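Listing of my_file-v3.txt; format and content: compact mmCIF, C-alpha atoms.
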# COMPACT_ATOMS: atom_id res chain seq x y z
CA LEU A 28 98.99 118.80 71.18
CA ARG A 29 101.53 119.23 73.97
CA VAL A 30 101.57 121.48 77.04
CA VAL A 31 104.98 122.89 77.98
CA ASP A 32 105.67 124.25 81.49
CA LEU A 33 107.67 127.50 81.19
CA SER A 34 107.78 128.42 84.89
CA ASN A 35 111.53 127.90 84.60
CA PRO A 36 112.22 129.22 81.08
CA ALA A 37 115.73 127.82 81.14
CA ASP A 38 114.33 124.34 81.67
CA PRO A 39 110.96 123.99 79.90
CA ARG A 40 109.20 120.65 80.32
CA VAL A 41 106.42 118.85 78.48
CA THR A 42 103.77 118.15 81.12
CA SER A 43 100.86 116.81 79.11
CA GLU A 44 99.88 115.75 75.61
CA ILE A 45 96.97 114.52 73.57
CA ALA A 46 97.08 112.76 70.20
CA GLY A 47 96.28 114.85 67.15
CA GLY A 48 98.37 117.58 65.56
CA VAL A 49 95.39 119.79 64.75
CA PRO A 50 94.60 123.49 64.27
CA PHE A 51 93.78 124.94 67.68
CA VAL A 52 93.27 128.22 69.51
CA VAL A 53 93.81 129.09 73.17
CA GLU A 54 91.21 131.22 74.96
CA GLY A 55 92.09 131.66 78.63
CA ASN A 56 92.70 128.18 80.05
CA LEU A 57 90.61 126.55 77.32
CA VAL A 58 91.92 125.02 74.10
CA HIS A 59 89.54 124.66 71.16
CA GLY A 60 90.78 122.23 68.49
CA ALA A 61 89.55 121.39 64.99
CA PHE A 62 89.77 117.58 65.09
CA GLY A 63 88.76 116.74 61.54
CA ASP A 64 85.77 114.43 61.29
CA ALA A 65 85.59 114.35 65.11
CA GLY A 66 84.53 117.99 65.05
CA LEU A 67 85.31 120.62 67.67
CA HIS A 68 87.03 119.47 70.86
CA THR A 69 87.32 121.71 73.90
CA LEU A 70 90.07 120.99 76.42
CA ARG A 71 91.03 122.66 79.69
CA VAL A 72 94.58 123.20 80.94
CA GLU A 73 94.79 122.76 84.71
CA GLN A 74 98.10 122.62 86.56
CA GLY A 75 99.88 121.76 83.34
CA GLN A 76 97.51 118.91 82.43
CA LEU A 77 95.11 118.69 79.48
CA ALA A 78 91.62 117.49 80.30
CA GLU A 79 88.84 117.02 77.76
CA VAL A 80 85.79 119.17 78.46
CA ALA A 81 83.51 118.48 75.49
CA ARG A 82 83.21 117.29 71.89
CA LEU A 83 80.86 118.60 69.26
CA GLY A 84 80.32 116.84 65.95
CA LEU A 85 79.64 119.23 63.08
CA GLY A 86 78.76 116.80 60.29
CA GLY A 87 82.03 117.15 58.38
CA ASP A 88 85.78 117.71 58.75
CA ALA A 89 86.67 120.59 61.08
CA THR A 90 89.70 122.24 59.44
CA SER A 91 90.18 125.66 61.07
CA VAL A 92 89.13 127.29 64.34
CA ALA A 93 89.13 130.64 66.11
CA ALA A 94 87.55 131.81 69.35
CA VAL A 95 86.79 135.01 71.21
CA GLY A 96 84.78 135.31 74.40
CA ASP A 97 81.87 132.87 74.47
CA ARG A 98 82.00 132.05 70.73
CA ALA A 99 84.07 129.60 68.71
CA TYR A 100 84.18 129.65 64.91
CA VAL A 101 84.94 126.48 62.95
CA LEU A 102 85.40 125.87 59.24
CA VAL A 103 83.78 122.55 58.33
CA ASP A 104 84.42 120.72 55.05
CA HIS A 105 81.33 118.77 53.93
CA GLY A 106 82.98 117.33 50.84
CA SER A 107 80.80 117.65 47.75
CA ASP A 108 78.33 119.72 49.81
CA GLY A 109 80.88 122.51 50.24
CA VAL A 110 82.50 124.28 53.20
CA GLN A 111 80.76 126.15 55.99
CA MET A 112 81.88 128.42 58.78
CA ARG A 113 79.94 127.30 61.86
CA VAL A 114 79.29 129.52 64.86
CA VAL A 115 79.43 127.66 68.19
CA ASP A 116 78.24 129.02 71.54
CA VAL A 117 80.78 127.99 74.22
CA THR A 118 79.28 129.99 77.08
CA ASP A 119 79.19 126.65 78.89
CA PRO A 120 82.36 124.92 77.65
CA ALA A 121 80.99 121.56 78.76
CA ALA A 122 77.90 121.96 76.58
CA PRO A 123 78.84 123.73 73.32
CA GLU A 124 75.91 124.56 71.03
CA ALA A 125 76.12 124.91 67.26
CA LEU A 126 74.31 128.03 66.06
CA GLY A 127 74.25 129.21 62.45
CA GLY A 128 76.51 128.59 59.47
CA LEU A 129 77.66 130.27 56.28
CA GLU A 130 78.98 128.71 53.08
CA VAL A 131 82.52 130.00 52.62
CA SER A 132 85.92 128.38 52.06
CA GLY A 133 89.41 129.35 53.17
CA GLU A 134 90.98 129.74 56.59
CA ILE A 135 89.92 131.72 59.64
CA ILE A 136 92.73 134.16 60.47
CA ALA A 137 91.18 136.45 63.11
CA ALA A 138 88.09 136.77 65.28
CA PHE A 139 86.75 139.87 67.00
CA ASP A 140 83.63 140.48 69.10
CA ASP A 141 81.28 140.42 66.11
CA ILE A 142 83.54 140.02 63.06
CA VAL A 143 85.41 136.96 61.78
CA VAL A 144 87.98 137.39 59.02
CA ILE A 145 88.49 134.55 56.54
CA ALA A 146 91.32 134.34 53.98
CA CYS A 147 90.17 132.77 50.71
CA VAL A 148 91.89 132.22 47.39
CA ASP A 149 90.44 135.49 46.07
CA GLY A 150 91.07 137.68 49.12
CA TYR A 151 89.80 138.36 52.62
CA TYR A 152 86.20 138.44 53.81
CA ALA A 153 84.77 140.03 56.96
CA ILE A 154 81.91 137.91 58.31
CA ASN A 155 79.38 139.59 60.61
CA THR A 156 78.57 137.21 63.49
CA GLU A 157 76.60 139.55 65.75
CA ASP A 158 73.60 137.26 65.26
CA GLY A 159 75.30 133.90 65.67
CA ALA A 160 72.35 132.10 64.10
CA HIS A 161 72.60 134.14 60.88
CA PRO A 162 76.20 135.11 60.00
CA PHE A 163 76.67 136.97 56.71
CA VAL A 164 79.45 138.43 54.57
CA GLU A 165 79.67 142.09 55.57
CA ARG A 166 82.42 143.06 53.14
CA ALA A 167 85.20 141.82 50.94
CA ILE A 168 88.62 143.28 51.73
CA ALA A 169 90.44 143.97 48.47
CA THR A 170 94.14 143.10 48.46
CA PRO A 171 96.97 143.53 45.96
CA ILE A 172 98.90 140.66 44.34
CA GLN A 173 98.91 137.84 46.85
CA TYR A 174 102.00 136.06 48.17
CA GLY A 175 100.08 133.87 50.60
CA LEU A 176 97.19 134.99 52.76
CA ASP A 177 97.72 135.35 56.48
CA GLY A 178 97.10 137.75 59.32
CA GLY A 179 95.88 138.24 62.86
CA ALA A 180 94.43 140.69 65.36
CA VAL A 181 96.39 143.82 66.29
CA GLY A 182 94.30 145.00 69.24
CA ARG A 183 90.92 145.89 67.75
CA ASN A 184 92.45 146.17 64.28
CA LEU A 185 93.44 143.57 61.73
CA GLY A 186 96.97 142.96 60.50
CA LEU A 187 97.21 141.38 57.05
CA PHE A 188 100.30 139.77 55.55
CA ASN A 189 100.43 139.08 51.83
CA GLY A 190 103.52 140.68 50.33
CA SER A 191 102.64 143.87 52.18
CA PHE A 192 101.77 144.52 55.81
CA TRP A 193 98.43 146.21 56.29
CA ILE A 194 96.62 147.40 59.41
CA LEU A 195 92.90 147.86 58.89
CA ASP A 196 89.70 148.31 60.83
CA PRO A 197 87.86 145.02 60.08
CA ARG A 198 84.53 146.82 60.57
CA SER A 199 85.13 149.42 57.86
CA ASP A 200 87.30 150.18 54.85
CA SER A 201 89.61 152.37 56.95
CA ARG A 202 93.25 151.48 56.32
CA THR A 203 95.80 152.64 58.91
CA ALA A 204 98.89 151.36 57.14
CA ASP A 205 99.88 149.84 53.84
CA SER A 206 103.60 149.23 53.96
CA THR A 207 105.43 147.13 51.42
CA LEU A 208 108.00 144.90 53.09
CA PRO A 209 107.98 142.12 50.50
CA ALA A 210 111.36 140.69 51.48
CA VAL A 211 109.84 139.82 54.85
CA PHE A 212 106.20 139.04 54.20
CA LYS A 213 106.64 137.00 51.02
CA ARG A 214 108.47 134.50 53.25
CA ALA A 215 106.07 134.64 56.19
CA LEU A 216 105.14 131.24 57.61
CA GLY A 217 103.74 132.52 60.88
CA GLU A 218 103.44 135.77 62.83
CA ALA A 219 103.06 137.01 66.39
CA LEU A 220 101.68 140.41 67.35
CA SER A 221 102.34 142.19 70.66
CA GLY A 222 102.05 145.88 71.38
CA ASP A 223 104.22 147.76 68.91
CA ARG A 224 105.97 144.67 67.54
CA VAL A 225 105.29 142.09 64.90
CA VAL A 226 107.53 139.04 64.74
CA VAL A 227 107.54 137.09 61.48
CA ALA A 228 108.63 133.45 61.36
CA ASP A 229 110.32 132.88 58.01
CA GLY A 230 112.76 130.09 58.80
CA ASN A 231 114.31 132.50 61.29
CA LEU A 232 112.57 135.47 62.97
CA THR A 233 112.22 139.04 61.70
CA VAL A 234 111.05 141.78 64.11
CA ILE A 235 109.00 144.73 62.80
CA ASP A 236 108.30 147.93 64.79
CA ILE A 237 104.72 149.14 64.17
CA ALA A 238 104.69 152.01 66.70
CA ASP A 239 104.02 154.25 63.69
CA ALA A 240 101.51 152.09 61.88
CA ALA A 241 101.93 154.05 58.65
CA GLN A 242 105.67 153.40 58.57
CA PRO A 243 106.60 149.98 59.98
CA ILE A 244 110.34 149.55 60.44
CA GLU A 245 112.32 146.33 60.26
CA MET A 246 114.20 146.22 63.58
CA GLY A 247 116.34 143.17 63.07
CA ALA A 248 116.50 139.40 62.79
CA ILE A 249 116.86 136.56 65.27
CA GLN A 250 118.56 133.38 64.14
CA THR A 251 116.90 130.25 65.50
CA PRO A 252 118.66 126.90 65.86
CA GLY A 253 115.98 125.12 63.81
CA PHE A 254 113.58 126.25 61.08
CA ALA A 255 110.97 128.62 62.51
CA THR A 256 107.44 128.20 61.17
CA GLY A 257 105.43 129.56 64.10
CA VAL A 258 105.93 132.05 66.92
CA ALA A 259 104.05 133.41 69.93
CA PHE A 260 104.70 136.03 72.61
CA GLU A 261 104.80 135.23 76.33
CA SER A 262 105.66 138.48 78.14
CA GLN A 263 109.22 139.33 76.97
CA ARG A 264 109.76 135.82 75.67
CA LEU A 265 109.27 134.40 72.22
CA LEU A 266 108.11 130.81 71.89
CA VAL A 267 109.18 129.44 68.53
CA ALA A 268 107.92 126.37 66.70
CA ASP A 269 111.38 125.48 65.41
CA GLY A 270 110.72 122.51 63.14
CA GLU A 271 112.47 119.23 63.94
CA LEU A 272 114.33 120.90 66.82
CA GLY A 273 111.08 121.37 68.73
CA LEU A 274 110.28 124.45 70.85
CA SER A 275 112.85 127.24 71.19
CA VAL A 276 112.47 129.87 73.93
CA PHE A 277 114.03 133.32 73.46
CA GLU A 278 114.14 136.35 75.73
CA ILE A 279 114.04 139.63 73.86
CA PRO A 280 115.15 143.04 75.25
CA VAL A 281 112.38 145.49 76.18
CA GLU A 282 114.39 148.18 74.40
CA GLY A 283 117.50 148.17 72.30
CA ASP A 284 118.81 145.78 69.70
CA VAL A 285 116.53 142.81 69.07
CA ASN A 286 119.53 141.04 67.56
CA GLU A 287 120.68 140.59 71.16
CA ALA A 288 117.81 138.21 71.92
CA THR A 289 118.94 135.36 74.17
CA LEU A 290 118.15 131.72 73.50
CA LEU A 291 117.05 130.40 76.91
CA ALA A 292 116.28 126.81 76.04
CA THR A 293 115.03 124.31 73.52
CA VAL A 294 112.72 121.41 74.27
CA ASP A 295 112.12 118.21 72.33
CA VAL A 296 108.38 117.90 71.75
CA GLY A 297 108.58 114.44 70.27
CA GLY A 298 108.10 115.50 66.67
CA GLU A 299 108.26 118.47 64.34
CA ALA A 300 106.98 121.69 65.92
CA LEU A 301 104.79 123.51 63.39
CA ARG A 302 102.95 126.31 65.21

Represent the structure from my file as structure tokens, please.
Amino acid sequence: LRVVDLSNPADPRVTSEIAGGVPFVVEGNLVHGAFGDAGLHTLRVEQGQLAEVARLGLGGDATSVAAVGDRAYVLVDHGSDGVQMRVVDVTDPAAPEALGGLEVSGEIIAAFDDIVVIACVDGYYAINTEDGAHPFVERAIATPIQYGLDGGAVGRNLGLFNGSFWILDPRSDSRTADSTLPAVFKRALGEALSGDRVVVADGNLTVIDIADAAQPIEMGAIQTPGFATGVAFESQRLLVADGELGLSVFEIPVEGDVNEATLLATVDVGGEALR
């Protein structure tokens, strides 16, 4: 894990790092990482430096993590004993407390106040976590033919990517949009969601306008100098995990042609940037 200072976007700099290319999630100035058999690690970013706050062993290999508010959610592989999603109370980041668990496999793709969405080989599942000690499967979310399960939060709704782009209420069966854009989403390796825009990393970047959720529109493409597999928004900038090239930083216009996005800088992160 590496911290990159973007205060001067034309000259980004790596300011701190910690060994372990692991799944992680950022919540405020905290980073929660799934560190395999070492469990859940919580780190704090202060003045560009990573500092360890706490570790919590979970009795297996932590493989996926999400967080919202004072809760973290970790998928833990117990080998022949199966896979569990564990709920962790991080109200005090220095003293995380494991609460309940639920046997389920897959990958955590989104977390809301009381719902966690997991993508499994047979579809998506909404897990009710209101009572952290006793999470349960609230509903299965049926999907069409799958091209690879992925998704993320779009405000209080859920965006799903699997050959189509859906926007749903994770707490009900209400579907806001079901738009087939297979040329884009069959290739999706990573996505970023901000306001009325979805950016799909598919080797390069494809920008989708979702102002009308029922009729998403492909706005254009951004060519990256590497091979984009992950992307995130930072104000009007796009931060791109650009493969062996490292981190690429783009500025995108507030309005107008997204094809006019400007490459501000690239930074060598000492390895292949994945997400």

For A:Glu271, find every residue with an atom within 10 Å (counting all atoms listed in the file), except residues of its own chain fewer than 3 positions away, and show them as a ChimeraX atom specification.
/A:253-255,268,274,295-301

Pick from A:Thr233, A:Asn155, A:Thr289, A:Ser275: nearest to A:Pro252, with only C-alpha atoms counted?
A:Ser275

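Using all atoms listed in the file, the protein and nucleic acid residues lying no more than 12 Å from A:Ile45, apart from those fewer than 5 places from it along its own chain, are Leu28, Arg29, Val30, Val58, Gly60, Phe62, His68, Leu70, Arg71, Val72, Gln76, Leu77, Ala78 and Glu79 of chain A.
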
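In this model, the gap between atom CA of A:Gly106 and atom CA of A:Cys147 comes to 17.0 Å.
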
Near-A:Ala167 list (9 Å; all atoms listed in the file; drop same-chain fewer than 3 positions) as a ChimeraX atom specification:
/A:150-154,164

Now that the selection is made, can you save its residues with C-alpha atoms as a PDB file, in the frame of the given file?
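Full text of out26.pdb as output:
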ATOM      1  CA  GLY A 150      91.070 137.680  49.120  1.00  0.00           C
ATOM      2  CA  TYR A 151      89.800 138.360  52.620  1.00  0.00           C
ATOM      3  CA  TYR A 152      86.200 138.440  53.810  1.00  0.00           C
ATOM      4  CA  ALA A 153      84.770 140.030  56.960  1.00  0.00           C
ATOM      5  CA  ILE A 154      81.910 137.910  58.310  1.00  0.00           C
ATOM      6  CA  VAL A 164      79.450 138.430  54.570  1.00  0.00           C
TER       7      VAL A 164
END

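In this model, the gap between atom CA of A:Gly96 and atom CA of A:Val53 comes to 11.0 Å.
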
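In this comparison, which uses all atoms listed in the file, the residue of A:Glu245, A:Glu287, A:Asp229, A:Glu54 approaching A:Asp269 most closely is A:Asp229.
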
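Distance-wise, atom CA of A:Ala37 and atom CA of A:His59 end up 28.2 Å apart.
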
Of the candidates A:Asp64, A:Ile145, A:Ser43, A:Asp108, which shows the shortest atom-to-atom distance to A:Val31, using all atoms listed in the file?
A:Ser43

The residues within 9 Å of (77.7, 136.7, 67.0), using all atoms listed in the file and the coordinates of the file, should be reported as a VMD selection string; which are they?
chain A and resid 98 114 116 140 to 142 155 to 162

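Taking all atoms listed in the file into account, A:Gly257 lies nearest to A:Asn231 out of the set A:Ser34, A:Asn231, A:Thr90, A:Gln111.
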
Please return the centre and edge lengths, in Å to one decimal, of a box with edges along x, y and z that contains all listed atoms of stretch 104-113 of chain A, widened by 5 Å on every side, as AutoDock Vina command-line options.
--center_x 81.4 --center_y 122.9 --center_z 54.8 --size_x 16.1 --size_y 21.1 --size_z 24.1
